[in-house]
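S.K.: I'd like to ask some things about the structure below.
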Amino acid sequence: MSSLGRRGFLKGGAAALGGGLLASTSTGSVASAAGSSEIKVEDWNQSLGDPVVYNAYGVPSEFEAHVQRRNVEWLTVTQESSVSFTPLHELDGFTTPNGLCFERHHGGVAQIDPGAHRLMINGLVEKPLIFTMEDLMRFPRTNRFAFLECAANSGMEWRGAQLNGCQFTHGMIHCVQYTGVSLRTLLNEAGLKTNAKWLMPEGADSAGMNRSIPMEKALDDCIVAFKMNGEALRPEQGYPLRLVVPGWEGNMWVKWLRRIEVGDQPWHTREESSKYTDLMEDGSARRFTWIMDAKSVITNPSPQAPLKTKGHNILSGLAWSGRGKVKRVDVTLDGGKNWQQAELAGPVLDKCLTRFYLPFNWNGNPMLVQSRCIDETGYVQPTKDELRKVRGLNSIYHNNGIQTWHVRENGEAENVEIS
Ligand code: MTE
Ligand code: CO
């Protein structure tokens, strides 16, 4: 389109847009968001824009610079064994952009040359094998979306409301599409011995992360993945290879995967004894609690995403279950007195984040907003009190209690606990 033609188009568009503005002013939202309904010729209208390939690997607009993974510096002693959080309140739909996926490393990010990387399968197999990345690319492939949630997500919130923002209370989660080879295919290639009952995946990072995985899960839906959202895994997500363990706690999704040992019993590694277990009131510990139970959070409004305008608004959030699909999400605006069913804005996929919306009218009164996820097995997300009745006060991991945001008269929201 010539620049003249484009201007003509914009003029027509402005008239149409003006109509739109008038129409939506009655809801109060668009007029105040735009500041003014005046249409003017802007700088970017008057000269040529940047050429193609000015960014050979595209990056977001500079006006989105506030959309970032963030960490909480005092949370960990070092920044190599640490965590950054997904900005859930800035996203929509159910997938997470690769550059915003939260990170959890125990020994920093390993920068691995794929040409030098190997995956070994050893132990109780007929034929121990070592694969190059090229070898792996020649196996039949599989694709699937899955959420990954760290077992420590919401861990700070066990004893009461702590961190102010869903990025920090719930942001140790992401959901992307993985491409790779089914673990079953690779294990069949090596040939399992009859007493092969457990696996121990191991990472090539300085932490040498390792966990025990029962054979049933390994043969069910695990993937040895090399791509996320269509492109190579990012270094922080385990480039060039990671294990995908749908629905199970993030710690088992070994990144920088270099070895899978097959055995007849679990290894009782550090990450499944000292860590990622739940200390009960009687001093015993729950162990091997792999599945991430149904959970949800309202991402908007929330402390980092206050309400700006009275009248018509869209409440939005995410729900998920490690046991399958989300069946229903209930939302309350008055601290649990009345519940309404939210719209599941599909697709609703197995062991994936699911987006929900609830349009509502805000009259400027304070609100206590909560969401509650029910999954396809009928499991209902518990309140924090219900959870503490069963698990006591010592837990860190596996907190799937209902989150409350207190929205004040000025639209700002804060993390509170009421049940
Ligand atoms: N794998 C290795 N090799 N090293 C690690 O530190 N961290 C685990 C898991 N896999 C880890 C690892 C933990 S605790 C989680 S929650 C997930 O990776 C985080 O994955 P992400 O960084 O892609 O979000
Ligand atoms: Co984790």
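Chain lettering (A, B, ...) mirrors the order of the structure tokens, residue numbering begins at 1 for each chain separately, and ligand numbering begins at 1 in order of display.
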Write as number ranges by chain the residues around ligand 1, taking 9 Å as the cut-off and counting only C-alpha atoms and all ligand atoms.
M.R.: A: 81-86, 101-110, 148-153, 172-174, 202-210, 234, 236-238, 242-243, 249-258, 271, 276
S.K.: When DSSP works through the backbone of this structure, what residues of range 153-286 of chain A end up as helix (DSSP H, G or I), shown as a PyMOL selection string?
M.R.: chain A and resi 155-157+166-170+183-190+215-220+235-237+250-252+270-272
S.K.: Which residues of range 103-184 of chain A come within 7 Å of range 297-320 of chain A, and for each one, what is the closest pair of atoms and their distance in Å to one decimal, counting only C-alpha atoms, sorted by chain and residue number, as CSV?
M.R.:
```
residue,atom,partner,partner_atom,distance
A:Asn164,CA,A:Pro303,CA,5.9
A:Gly165,CA,A:Pro303,CA,4.8
A:Cys166,CA,A:Thr299,CA,6.2
```
S.K.: Find the residue from A:Phe139, A:Tyr239, A:Trp248, A:Tyr357 that sits nearest to ligand 2; use only C-alpha atoms and all ligand atoms when measuring.
M.R.: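 The answer is A:Trp248, which sits nearest to ligand 2.
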S.K.: Applying 8 Å and only C-alpha atoms, which residues near Ala218 in chain A remain after dropping the ones on its own chain fewer than 4 positions away? List them as a ChimeraX atom specification.
M.R.: /A:183-184,199,213-214,222
S.K.: Find the residue from A:Asn363, A:Asn45, A:Ser154, A:Asn338 that sits nearest to ligand 2; use only C-alpha atoms and all ligand atoms when measuring.
M.R.: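 Nearest candidate to ligand 2 out of A:Asn363, A:Asn45, A:Ser154, A:Asn338: A:Ser154.
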S.K.: Looking at only C-alpha atoms, which of A:Trp198, A:Glu231, A:Gly155, A:Leu75 is the one that sits closest to Tyr57 in chain A?
M.R.: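 Of the candidates, the smallest distance to Tyr57 in chain A is held by A:Glu231.
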S.K.: For Leu233 in chain A, list every protein, DNA or RNA residue within 12 Å, evaluated using only C-alpha atoms, and leave out those in the same chain fewer than 6 positions away; present the list as a PyMOL selection string.
M.R.: chain A and resi 97-99+101+111-112+114+176-180+224-227+239-244+255-256
S.K.: Kindly indicate which residue among A:Asp293, A:Leu192, A:Gly115, A:Gln79 lies nearest to Lys127 in chain A, using only C-alpha atoms for the distances.
M.R.: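 Nearest to Lys127 in chain A: A:Leu192.
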